[in-house]
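Engineer: I am attaching a structure below and will ask some questions about it afterwards.
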There are 4 protein chains.
Amino acid sequence: MSHNSFGHLFRVTTWGESHGPAIGCVVDGCPPGLPLDESWIQPFLDRRRPGQSRFTTQRREPDQVRILSGTYEGRTTGTPVALQIENTDQRSRDYGAIADRYRPGHADMAYDAKYGLRDPRGGGRSSARETAMRVAAGAIAQRILGDQVRIRGALVRIGQHAIDPARWNWDEVDRNPFFCPDAETVPVWEDYLDSVRKNGSSVGAVIALEATGVPPGWGAPLYGKLDADLASALMGINAVKAVEIGAGFEAALLTGEENADPMRMENGAVAFDGNRAGGILGGISTGQPIIARFAVKPTSSILTPVPSVSSIGETVMVSTKGRHDPCVGIRAVPVGEAMLACTLADHMLRHRGQTGR
Amino acid sequence: MSHNSFGHLFRVTTWGESHGPAIGCVVDGCPPGLPLDESWIQPFLDRRRPGQSRFTTQRREPDQVRILSGTYEGRTTGTPVALQIENTDQRSRDYGAIADRYRPGHADMAYDAKYGLRDPRGGGRSSARETAMRVAAGAIAQRILGDQVRIRGALVRIGQHAIDPARWNWDEVDRNPFFCPDAETVPVWEDYLDSVRKNGSSVGAVIALEATGVPPGWGAPLYGKLDADLASALMGINAVKAVEIGAGFEAALLTGEENADPMRMENGAVAFDGNRAGGILGGISTGQPIIARFAVKPTSSILTPVPSVSSIGETVMVSTKGRHDPCVGIRAVPVGEAMLACTLADHMLRHRGQTGR
Amino acid sequence: MSHNSFGHLFRVTTWGESHGPAIGCVVDGCPPGLPLDESWIQPFLDRRRPGQSRFTTQRREPDQVRILSGTYEGRTTGTPVALQIENTDQRSRDYGAIADRYRPGHADMAYDAKYGLRDPRGGGRSSARETAMRVAAGAIAQRILGDQVRIRGALVRIGQHAIDPARWNWDEVDRNPFFCPDAETVPVWEDYLDSVRKNGSSVGAVIALEATGVPPGWGAPLYGKLDADLASALMGINAVKAVEIGAGFEAALLTGEENADPMRMENGAVAFDGNRAGGILGGISTGQPIIARFAVKPTSSILTPVPSVSSIGETVMVSTKGRHDPCVGIRAVPVGEAMLACTLADHMLRHRGQTGR
Amino acid sequence: MSHNSFGHLFRVTTWGESHGPAIGCVVDGCPPGLPLDESWIQPFLDRRRPGQSRFTTQRREPDQVRILSGTYEGRTTGTPVALQIENTDQRSRDYGAIADRYRPGHADMAYDAKYGLRDPRGGGRSSARETAMRVAAGAIAQRILGDQVRIRGALVRIGQHAIDPARWNWDEVDRNPFFCPDAETVPVWEDYLDSVRKNGSSVGAVIALEATGVPPGWGAPLYGKLDADLASALMGINAVKAVEIGAGFEAALLTGEENADPMRMENGAVAFDGNRAGGILGGISTGQPIIARFAVKPTSSILTPVPSVSSIGETVMVSTKGRHDPCVGIRAVPVGEAMLACTLADHMLRHRGQTGR
């Protein structure tokens, strides 16, 4: 058991605080012989990097990843891969004002309750900065999964403004700063988020994920189910409050007839009509695309003062003056993709261990 | 790593198939000196037992639990507690017809894909019967948590029919066969489920859970978060497709101002206005009630024939003629309570190990 | 983490006290499709069973194992295999006299110190009876390893009387009640143990283990080393105080020249001259036979009164009047074989998971 | 499961190769509020550092440790502590000659067998250099254990030359370059090792460890036994081939009467006469000093050519021309102390989690 690790055969341990000298992770269980260097990982990090548009935090970090172990002449050796990113833009002065007062909706109060002390600089360990390491680990996971398994994510809702699924186009996702798959929704979100940003406010979002090419059989019932592990991986991302697989909460509204995904033989293989199961039955992949969605709450760092308490027990008002993120859900897209990749890579290796296939 | 265990310091390993001689579990990590005998566990099982009303499966199992180890003179000794329930009403003849054909929406096809073979009798390992052991383990977890922590669950939606939260009354939950907290909704569900049952159909449901009395500090960031572990525990229950904590998906619709739970000092302690966080911030309990909801899909065992495939690759029609459950969500209430109890007990012990408190 | 489980991909959880209704284990991670029924496991248990000669405890247990889950029509299904043995010869009256006084060298005092209470009947959980489940699990491990991997054990020392390695003959091992590989030593041990038994005394022993047919590559550095895992598995057997691999303690006496196992090519494969490494280098198997030895202390249950203390803090004299084992090391042979088999099976699956081979 | 981690509640993950840019570790589970900075850890590393006398390898590394996370204002925060040491003296040219040929007794052949490739520079991951991180983690473990628990190690044998236990004096250990507790043996070892060094040979050694002040009750039967975990921790150190606790292999020679450690009440507490148990009964600490010994084989890096094979299957002669260590057992003393400290810290936290004490 480790509080800061996830996965079993593909196992990631992360460390580092927002304003310490660096953040990093150790990726253990990476099979030997895979091509791997920084140039493979960096593009994944660049997708997540803050400061790329006016819609994400203005903290500017080059987020240059460095591989410190586990490769030799550009290939993995089977030994642990250590990754590290220096923290270069730390500005801890921004956080002095809130060192002694708990930001509502942040983890400040909870960390103090648990540990009796905390690193107040920029959220310390609870900062979204740590998610850079999840993305880096996800890049390695993608190497293990190979070209056959394709993982994609998109933002499908910002506050009251959802996309129109009928206009879904994966090609749009990389053409706008929102990872939005619906071109017509982009200007709506631009206007809306500009107003949110100007008000010093924030807003929630919903992210959709898909993995195609996953063969049937991954996932180990009953307590290593693929959907349960995925739920844990996604719920554990900062600010996430809800996760659903396939039809999700809508399945509660349906009858058995409506919810069934009929099967038939097609070209000698099992084919499905519909994917309300989200590609997972009994905790095991079926060969259909894996479908998941998760909701991100609005960040609690807002300009409007909110009643709160101080660490010495006074009622105070708290507002956040530093750089802030009007919609943390945007950067959650590559983080969600990474957690899906890591979960799948782990189950690929576990399945291979248990069954030899 | 074990595919059939969950928890770390409070660790449960279950075994058994629907139509084998027995099902059981081993509960490891139970602290010594706690009063425990069968009479404590049995009432928890009785709440979940099938065949108690016409709205759940007619399989009749006394579900009499037996403690085989880990106690001496009515107290736990700190050694593993083995629990066992005989399977007495197995009727495997009902399942002969579907031994070679995959029921759509069931795990049949996925188990065959993973293992290359499966136990076809009643779903084998994937049967909801296994959840009896989760409930038994949850009873032990509740012993560890003590009287201070109170765990309750309720059914809040069956298909299109949701309760009215304004009429919520916990006292109602044990007065009807649905664990429904809203007396006025009970007759609506009775009528609706009678028609579903008569049609040989099924329908989904939503369950709400609450734990009060959890002190602040439980949950271990970043990869042992209380909410992530809870998401895994609930998503891993048979037929669950979605999980949310606190405001859940609704948080995506809100602004930071709307979503904040303001804090203030009250009688020397931190008090909150609102609980959109569901009692968890940064993966750590805050002292507020823990709030979770999860959605259960309609069971795929329906009388209406659905296109499917056989294990030898033919397209066939499948319908389920045996006893069936019009709404498996009903019995998911005590199962959800149990998984919440187990998750909390584990984190209580983990917190104690890490911090000494 | 579980206090009562070992292994990772092949994972065994045991439960049960010496004088409870039964003992059992859950074997998780057994690959699907292997032939398995009670008739495979029983002969392994019969080798370990007490009461087979006058040199082991006279407790008589048929030790009839029952498989309660995880197989269908004689083959494993990939789901957990639950095994159980009823306790039929419990005679707890023998232990009344020592319920309140700590037997020196036994775990009584330590259990009370840890848990604040204990099950005094026959050692409870610390009884050697539990090792029956290790042997049963080892039988399943042997199924996974297949015919290629052959595991054997022998007793090589009882007290001051060691065998002569020059007379080693594996065929002798099953022809005497000691698992002794040296026919000329058998009568020596018979005479010696008869006198030990008549004096109500006991004596220690050394066991040697060998596994042939293990391919190179099993074992995962740096903290899943095959030798480290094997050391843990053997040291964890009741009464074991020492473990060595290959040359063991003798390696400390040697120079680098003396200790080297020179390599050469032979028929296209690597061959070694000598096996001081015991088949493991850098924690990884080399393809040579795995060689291990472990020492078992004399049981503390002796007729001679020894000064001790009671649970309420009096100085008392303790002697053991019940059935006793003059040399627990004898029955440690099949237990050691089983722990070696389990360790190898786990590493076989882990290696497969990590590397696909 | 992680191949490169050990411990459960106190969990250490190490990474890094001998000739990569750095080595490091992540220490997870360190309780909050403990004083910790580099000045606490550095002295532990300095004891192990190579190049301090002519009797250890001449590789010169300042081994300056840096804390990269997990502390704030000189105290631990409960979040993971990342430690790192730059590799500054790498000289990989020394190893060019052996890149393609397996050094007998080294892990070269085994790594290639497992992974299909390896980092040949200085042993890569299998180099003793990694043990620096174990020592650093051990320093943190010692902080957790507090002043009450005192851990010490000594070298008690080099090849044929053992110390005289009757002359044991802990104060001598830090007055000579061997960690030798017997002043009269020091000149004997000096002369002997000088000759070994001049011959380009090497020799094995035995290390003894002691921990005083460990309260009764640590260690979790049956598969988290303190002695089993300690056996794994020590056997996993590079070049270790044997481990014993208390009387160890000598226990096999004794009768029950000789091996018993009689108990009596003394000043209201349990006192023991003798400590053949080595402070552990039934896998649980008894309050007596924990006693362990382990044997280190002679390093295989010797000047005398030894027959071996190349990675492309030729029979070749191998000798080691670079810097080498005549007795790696010397530096194993602080490494053994560290592994004992880590094992105890883990069990202290586990015991607290399970029992609240």
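For the structure tokens, the naming scheme is as follows: chains receive sequential letters (A, B, ...) according to their order of presentation, residues are indexed from 1 within each chain, and ligands are indexed from 1 in presentation order.
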From a DSSP pass on the backbone, collect the residues of region 91-254 of chain D flagged as strand (DSSP E or B) and hand them back as a ChimeraX atom specification.

Structural biologist: /D:101,150-158,161-162,203,205-212,220,224,240-245

Engineer: Within 10 Å of chain B, which residues of chain C are there when counting only C-alpha atoms? Please give them as a PyMOL selection string.

Structural biologist: chain C and resi 1-29+31-33+67-73+75-82+111-112+114-121+124-126

Engineer: Got a sec: who's within 10 Å of Asp46 (chain A), counting only C-alpha atoms, leaving out chain neighbours fewer than 3 positions off, as a list in words?

Structural biologist: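 Using only C-alpha atoms, the neighbours found are Ile41, Gln42, Pro43, Arg49, Pro50, Gln52, Pro62, Asp63, Gln64, Ala132, Val135 and Pro334 of chain A.
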
Engineer: DSSP says helix (DSSP H, G or I) for which residues of region 14-74 of chain A? Put them as a PyMOL selection string?

Structural biologist: chain A and resi 38-48

Engineer: Any chance you could lay chain A over chain B, fitting all C-alpha atoms in order by least squares, and write the moved chain as a compact mmCIF listing (two decimals) with C-alpha atoms, in the first residue's frame?

Structural biologist:
```txt
# COMPACT_ATOMS: atom_id res chain seq x y z
CA MET A 1 -2.37 -7.39 -5.55
CA SER A 2 -5.35 -9.68 -5.50
CA HIS A 3 -8.17 -9.64 -7.99
CA ASN A 4 -10.68 -10.66 -5.34
CA SER A 5 -9.71 -8.47 -2.40
CA PHE A 6 -10.35 -4.87 -1.48
CA GLY A 7 -9.10 -2.55 1.23
CA HIS A 8 -5.65 -2.33 2.74
CA LEU A 9 -5.57 -2.39 6.56
CA PHE A 10 -9.17 -3.59 6.61
CA ARG A 11 -8.98 -6.09 3.81
CA VAL A 12 -11.73 -8.32 2.47
CA THR A 13 -11.22 -11.30 0.15
CA THR A 14 -14.34 -12.95 -1.22
CA TRP A 15 -14.82 -16.26 -3.00
CA GLY A 16 -17.61 -18.40 -4.32
CA GLU A 17 -19.96 -18.91 -7.22
CA SER A 18 -23.70 -18.57 -7.34
CA HIS A 19 -24.26 -22.31 -7.62
CA GLY A 20 -21.21 -23.74 -5.87
CA PRO A 21 -21.52 -25.33 -2.44
CA ALA A 22 -20.97 -22.05 -0.57
CA ILE A 23 -19.79 -18.46 -0.73
CA GLY A 24 -17.48 -16.84 1.76
CA CYS A 25 -14.99 -14.18 2.62
CA VAL A 26 -11.93 -13.58 4.75
CA VAL A 27 -11.84 -10.28 6.65
CA ASP A 28 -8.27 -9.45 7.53
CA GLY A 29 -7.11 -6.59 9.70
CA CYS A 30 -10.03 -6.51 12.09
CA PRO A 31 -8.65 -4.99 15.32
CA PRO A 32 -8.67 -7.27 18.38
CA GLY A 33 -11.13 -7.13 21.23
CA LEU A 34 -14.28 -6.11 19.37
CA PRO A 35 -17.48 -7.97 20.27
CA LEU A 36 -18.47 -10.09 17.27
CA ASP A 37 -20.67 -13.08 16.67
CA GLU A 38 -23.16 -14.20 14.06
CA SER A 39 -26.01 -12.36 15.75
CA TRP A 40 -24.35 -9.04 14.92
CA ILE A 41 -23.87 -9.85 11.23
CA GLN A 42 -27.11 -11.66 10.48
CA PRO A 43 -29.46 -8.62 10.60
CA PHE A 44 -27.33 -6.88 7.97
CA LEU A 45 -27.69 -9.93 5.72
CA ASP A 46 -31.42 -10.13 6.35
CA ARG A 47 -31.89 -6.63 4.95
CA ARG A 48 -30.33 -7.72 1.68
CA ARG A 49 -31.80 -11.20 1.46
CA PRO A 50 -33.75 -12.02 -1.69
CA GLY A 51 -37.29 -13.29 -1.67
CA GLN A 52 -38.57 -10.85 0.91
CA SER A 53 -41.11 -9.16 -1.34
CA ARG A 54 -42.48 -9.69 -4.82
CA PHE A 55 -40.17 -6.96 -6.04
CA THR A 56 -36.94 -8.91 -5.71
CA THR A 57 -35.74 -12.25 -7.04
CA GLN A 58 -37.64 -15.25 -5.70
CA ARG A 59 -34.51 -17.22 -5.12
CA ARG A 60 -34.88 -18.21 -1.47
CA GLU A 61 -31.74 -18.52 0.56
CA PRO A 62 -31.74 -18.37 4.33
CA ASP A 63 -28.30 -16.76 3.99
CA GLN A 64 -27.27 -17.99 7.39
CA VAL A 65 -23.76 -16.73 8.05
CA ARG A 66 -21.21 -18.72 10.02
CA ILE A 67 -17.99 -17.38 11.58
CA LEU A 68 -15.23 -19.95 11.15
CA SER A 69 -12.24 -18.15 12.63
CA GLY A 70 -10.89 -14.99 14.19
CA THR A 71 -13.03 -14.80 17.31
CA TYR A 72 -12.70 -16.31 20.76
CA GLU A 73 -15.41 -16.15 23.38
CA GLY A 74 -17.34 -13.59 21.35
CA ARG A 75 -14.50 -11.18 20.67
CA THR A 76 -12.22 -10.64 17.72
CA THR A 77 -8.64 -11.77 18.27
CA GLY A 78 -6.92 -9.76 15.52
CA THR A 79 -6.57 -12.86 13.33
CA PRO A 80 -8.53 -13.24 10.06
CA VAL A 81 -12.28 -13.63 10.35
CA ALA A 82 -13.61 -16.22 7.90
CA LEU A 83 -17.30 -16.02 7.07
CA GLN A 84 -19.30 -18.54 5.11
CA ILE A 85 -22.83 -19.02 3.78
CA GLU A 86 -24.04 -22.29 2.33
CA ASN A 87 -25.81 -22.17 -1.01
CA THR A 88 -29.03 -24.06 -0.47
CA ASP A 89 -31.38 -23.09 -3.31
CA GLN A 90 -29.34 -23.56 -6.39
CA ARG A 91 -31.73 -24.89 -9.07
CA SER A 92 -29.08 -24.92 -11.73
CA ARG A 93 -31.54 -26.42 -14.18
CA ASP A 94 -32.89 -22.94 -14.79
CA TYR A 95 -29.66 -21.98 -16.41
CA GLY A 96 -29.13 -24.91 -18.76
CA ALA A 97 -30.71 -23.04 -21.64
CA ILE A 98 -28.23 -20.20 -21.46
CA ALA A 99 -25.07 -22.20 -20.80
CA ASP A 100 -23.98 -21.81 -24.41
CA ARG A 101 -25.41 -18.44 -25.27
CA TYR A 102 -24.38 -15.07 -24.00
CA ARG A 103 -27.03 -13.01 -22.26
CA PRO A 104 -26.72 -9.44 -23.60
CA GLY A 105 -25.66 -7.03 -20.90
CA HIS A 106 -24.42 -9.88 -18.73
CA ALA A 107 -20.82 -10.78 -18.11
CA ASP A 108 -21.09 -14.13 -19.93
CA MET A 109 -19.34 -13.05 -23.09
CA ALA A 110 -16.68 -11.09 -21.22
CA TYR A 111 -15.80 -13.99 -18.89
CA ASP A 112 -15.40 -16.32 -21.84
CA ALA A 113 -13.23 -13.73 -23.59
CA LYS A 114 -11.04 -13.37 -20.54
CA TYR A 115 -10.77 -16.90 -19.26
CA GLY A 116 -11.62 -19.08 -22.23
CA LEU A 117 -14.23 -20.85 -20.12
CA ARG A 118 -16.74 -20.03 -17.39
CA ASP A 119 -19.09 -21.46 -14.84
CA PRO A 120 -22.47 -20.91 -16.52
CA ARG A 121 -24.61 -21.77 -13.52
CA GLY A 122 -26.43 -18.61 -12.51
CA GLY A 123 -23.71 -16.25 -13.57
CA GLY A 124 -21.12 -18.09 -11.51
CA ARG A 125 -18.79 -15.62 -9.94
CA SER A 126 -20.48 -12.60 -11.55
CA SER A 127 -23.78 -13.32 -9.82
CA ALA A 128 -25.20 -10.73 -7.42
CA ARG A 129 -25.18 -13.54 -4.87
CA GLU A 130 -21.58 -12.66 -4.04
CA THR A 131 -22.73 -9.31 -2.67
CA ALA A 132 -23.99 -11.13 0.44
CA MET A 133 -20.38 -11.38 1.52
CA ARG A 134 -19.85 -7.66 1.02
CA VAL A 135 -22.77 -7.04 3.33
CA ALA A 136 -21.34 -9.42 5.93
CA ALA A 137 -17.96 -7.71 5.73
CA GLY A 138 -19.71 -4.37 6.00
CA ALA A 139 -21.24 -5.48 9.28
CA ILE A 140 -17.78 -6.08 10.68
CA ALA A 141 -16.66 -2.72 9.30
CA GLN A 142 -19.51 -1.10 11.15
CA ARG A 143 -18.24 -2.70 14.38
CA ILE A 144 -14.85 -1.12 13.81
CA LEU A 145 -16.34 2.28 13.04
CA GLY A 146 -18.31 2.20 16.28
CA ASP A 147 -21.52 4.00 17.17
CA GLN A 148 -20.13 7.39 16.30
CA VAL A 149 -20.23 6.74 12.55
CA ARG A 150 -23.73 6.16 11.18
CA ILE A 151 -24.21 4.83 7.67
CA ARG A 152 -27.52 4.90 5.87
CA GLY A 153 -28.75 4.32 2.32
CA ALA A 154 -31.95 4.90 0.41
CA LEU A 155 -33.39 4.28 -3.03
CA VAL A 156 -34.13 7.63 -4.65
CA ARG A 157 -35.13 6.67 -8.18
CA ILE A 158 -36.64 3.72 -10.01
CA GLY A 159 -36.62 4.32 -13.76
CA GLN A 160 -38.49 7.53 -14.54
CA HIS A 161 -39.87 7.78 -11.00
CA ALA A 162 -37.71 9.74 -8.58
CA ILE A 163 -38.57 10.63 -5.01
CA ASP A 164 -39.21 14.18 -3.90
CA PRO A 165 -36.19 15.19 -1.80
CA ALA A 166 -38.39 17.63 0.10
CA ARG A 167 -40.28 14.68 1.59
CA TRP A 168 -37.14 12.80 2.65
CA ASN A 169 -37.64 10.96 5.93
CA TRP A 170 -35.02 8.44 7.01
CA ASP A 171 -37.57 6.74 9.26
CA GLU A 172 -39.54 5.66 6.19
CA VAL A 173 -36.69 3.67 4.74
CA ASP A 174 -37.34 0.53 6.74
CA ARG A 175 -41.13 0.71 6.42
CA ASN A 176 -41.34 -0.31 2.77
CA PRO A 177 -39.76 -2.96 0.57
CA PHE A 178 -37.83 -0.37 -1.46
CA PHE A 179 -35.70 1.40 1.15
CA CYS A 180 -37.63 4.47 -0.04
CA PRO A 181 -37.32 7.61 2.14
CA ASP A 182 -40.42 9.23 0.66
CA ALA A 183 -43.72 7.67 1.77
CA GLU A 184 -45.71 9.17 -1.07
CA THR A 185 -43.48 7.59 -3.69
CA VAL A 186 -43.93 4.07 -2.33
CA PRO A 187 -47.33 3.33 -3.95
CA VAL A 188 -46.10 4.80 -7.23
CA TRP A 189 -43.18 2.38 -7.24
CA GLU A 190 -45.39 -0.53 -6.22
CA ASP A 191 -47.66 -0.02 -9.18
CA TYR A 192 -44.83 0.61 -11.56
CA LEU A 193 -42.72 -2.37 -10.49
CA ASP A 194 -45.75 -4.66 -10.57
CA SER A 195 -46.19 -3.82 -14.23
CA VAL A 196 -42.48 -4.22 -14.90
CA ARG A 197 -42.53 -7.60 -13.19
CA LYS A 198 -45.61 -8.79 -15.07
CA ASN A 199 -44.00 -7.83 -18.37
CA GLY A 200 -40.91 -9.81 -17.45
CA SER A 201 -39.01 -6.55 -17.82
CA SER A 202 -36.59 -4.74 -15.54
CA VAL A 203 -35.65 -1.17 -14.71
CA GLY A 204 -32.73 0.85 -13.36
CA ALA A 205 -32.40 2.78 -10.10
CA VAL A 206 -30.38 5.34 -8.17
CA ILE A 207 -29.17 4.84 -4.59
CA ALA A 208 -28.10 7.58 -2.17
CA LEU A 209 -25.70 6.98 0.72
CA GLU A 210 -24.78 9.04 3.75
CA ALA A 211 -22.26 8.62 6.53
CA THR A 212 -22.43 10.94 9.50
CA GLY A 213 -19.95 11.20 12.34
CA VAL A 214 -16.85 10.71 10.20
CA PRO A 215 -14.15 12.90 11.76
CA PRO A 216 -12.07 15.20 9.57
CA GLY A 217 -8.81 13.72 8.26
CA TRP A 218 -9.66 10.31 6.80
CA GLY A 219 -8.42 9.66 3.27
CA ALA A 220 -4.86 9.69 2.02
CA PRO A 221 -3.93 11.90 -0.89
CA LEU A 222 -3.10 11.61 -3.69
CA TYR A 223 -3.80 7.98 -4.64
CA GLY A 224 -5.61 6.79 -1.58
CA LYS A 225 -8.25 9.51 -1.66
CA LEU A 226 -11.42 8.72 0.19
CA ASP A 227 -13.62 9.73 -2.75
CA ALA A 228 -11.54 7.76 -5.27
CA ASP A 229 -11.65 4.66 -3.10
CA LEU A 230 -15.37 5.11 -2.62
CA ALA A 231 -15.88 5.52 -6.36
CA SER A 232 -14.07 2.23 -6.91
CA ALA A 233 -16.01 0.47 -4.18
CA LEU A 234 -19.38 1.57 -5.54
CA MET A 235 -18.59 1.21 -9.26
CA GLY A 236 -17.47 -2.33 -8.52
CA ILE A 237 -20.94 -3.37 -7.33
CA ASN A 238 -22.74 -5.46 -9.92
CA ALA A 239 -24.60 -3.41 -12.54
CA VAL A 240 -23.40 -0.01 -11.32
CA LYS A 241 -22.64 2.45 -14.13
CA ALA A 242 -22.15 5.80 -12.38
CA VAL A 243 -21.00 7.29 -9.08
CA GLU A 244 -21.09 10.81 -7.74
CA ILE A 245 -19.96 12.52 -4.55
CA GLY A 246 -21.73 15.57 -3.11
CA ALA A 247 -23.06 17.77 -5.90
CA GLY A 248 -21.71 15.27 -8.45
CA PHE A 249 -22.50 15.96 -12.08
CA GLU A 250 -24.48 19.02 -11.04
CA ALA A 251 -21.20 20.65 -9.97
CA ALA A 252 -20.34 20.94 -13.65
CA LEU A 253 -23.23 23.36 -14.08
CA LEU A 254 -22.24 25.68 -11.27
CA THR A 255 -19.97 28.67 -10.85
CA GLY A 256 -17.36 28.86 -8.13
CA GLU A 257 -19.64 31.15 -6.14
CA GLU A 258 -22.55 28.72 -6.35
CA ASN A 259 -20.46 25.66 -5.57
CA ALA A 260 -18.55 27.01 -2.56
CA ASP A 261 -19.51 25.64 0.85
CA PRO A 262 -18.76 28.68 3.05
CA MET A 263 -17.20 27.94 6.40
CA ARG A 264 -17.58 29.65 9.73
CA MET A 265 -16.70 29.02 13.37
CA GLU A 266 -19.55 27.68 15.44
CA ASN A 267 -19.11 26.67 19.07
CA GLY A 268 -15.38 26.49 18.57
CA ALA A 269 -15.58 24.16 15.60
CA VAL A 270 -15.61 24.65 11.86
CA ALA A 271 -19.16 24.66 10.46
CA PHE A 272 -20.18 24.64 6.80
CA ASP A 273 -23.06 26.23 4.95
CA GLY A 274 -23.96 23.67 2.32
CA ASN A 275 -22.33 20.36 1.50
CA ARG A 276 -21.77 20.35 -2.22
CA ALA A 277 -18.39 18.79 -1.49
CA GLY A 278 -20.13 15.73 -0.06
CA GLY A 279 -17.91 15.81 3.00
CA ILE A 280 -14.65 15.32 1.12
CA LEU A 281 -12.07 17.91 0.02
CA GLY A 282 -8.76 16.99 -1.57
CA GLY A 283 -9.64 13.35 -0.97
CA ILE A 284 -9.87 13.88 2.81
CA SER A 285 -12.96 13.91 5.01
CA THR A 286 -13.92 17.32 6.37
CA GLY A 287 -16.20 16.30 9.21
CA GLN A 288 -19.35 16.96 7.20
CA PRO A 289 -21.58 14.03 6.23
CA ILE A 290 -20.14 11.90 3.43
CA ILE A 291 -22.65 11.95 0.57
CA ALA A 292 -22.58 9.61 -2.44
CA ARG A 293 -24.99 8.37 -5.09
CA PHE A 294 -24.74 5.60 -7.64
CA ALA A 295 -26.80 4.34 -10.56
CA VAL A 296 -27.71 0.72 -11.17
CA LYS A 297 -28.67 -0.39 -14.66
CA PRO A 298 -31.69 -2.62 -15.25
CA THR A 299 -30.80 -6.29 -15.09
CA SER A 300 -30.36 -7.86 -18.50
CA SER A 301 -32.36 -10.91 -17.45
CA ILE A 302 -35.67 -10.18 -19.18
CA LEU A 303 -38.35 -12.28 -20.82
CA THR A 304 -38.27 -10.37 -24.11
CA PRO A 305 -35.97 -12.18 -26.50
CA VAL A 306 -32.92 -10.14 -27.47
CA PRO A 307 -30.52 -10.94 -30.32
CA SER A 308 -27.27 -12.37 -29.08
CA VAL A 309 -24.54 -14.86 -29.95
CA SER A 310 -23.62 -18.32 -28.73
CA SER A 311 -20.26 -19.41 -27.46
CA ILE A 312 -19.69 -21.21 -30.77
CA GLY A 313 -20.41 -18.12 -32.81
CA GLU A 314 -24.03 -18.35 -33.89
CA THR A 315 -26.50 -15.48 -33.78
CA VAL A 316 -29.29 -16.54 -31.42
CA MET A 317 -32.19 -15.06 -29.46
CA VAL A 318 -31.90 -14.99 -25.66
CA SER A 319 -34.53 -14.54 -23.00
CA THR A 320 -34.38 -15.39 -19.30
CA LYS A 321 -36.98 -17.83 -18.08
CA GLY A 322 -35.84 -18.35 -14.48
CA ARG A 323 -36.57 -16.27 -11.40
CA HIS A 324 -35.60 -12.71 -12.00
CA ASP A 325 -35.26 -9.37 -10.36
CA PRO A 326 -37.36 -6.50 -11.76
CA CYS A 327 -35.12 -3.96 -10.04
CA VAL A 328 -31.74 -5.11 -8.77
CA GLY A 329 -31.26 -1.58 -7.51
CA ILE A 330 -33.40 -2.33 -4.44
CA ARG A 331 -30.98 -4.85 -3.00
CA ALA A 332 -28.11 -2.59 -3.96
CA VAL A 333 -29.01 -0.32 -1.03
CA PRO A 334 -27.55 -2.52 1.74
CA VAL A 335 -24.69 -3.48 -0.56
CA GLY A 336 -23.84 0.19 -1.09
CA GLU A 337 -24.03 0.83 2.65
CA ALA A 338 -21.65 -2.08 3.21
CA MET A 339 -19.10 -0.84 0.66
CA LEU A 340 -19.22 2.60 2.25
CA ALA A 341 -18.67 1.05 5.69
CA CYS A 342 -15.75 -1.06 4.49
CA THR A 343 -14.12 1.92 2.76
CA LEU A 344 -14.44 4.06 5.86
CA ALA A 345 -13.15 1.36 8.22
CA ASP A 346 -10.09 0.89 6.03
CA HIS A 347 -9.37 4.61 5.99
CA MET A 348 -9.92 4.88 9.74
CA LEU A 349 -7.19 2.28 10.31
CA ARG A 350 -4.93 3.78 7.65
CA HIS A 351 -5.23 7.23 9.16
CA ARG A 352 -4.43 5.80 12.58
CA GLY A 353 -1.39 4.04 11.19
CA GLN A 354 -0.05 7.08 9.42
CA THR A 355 -0.72 9.72 12.03
CA GLY A 356 -1.33 7.91 15.32
CA ARG A 357 -4.73 9.55 15.69
```
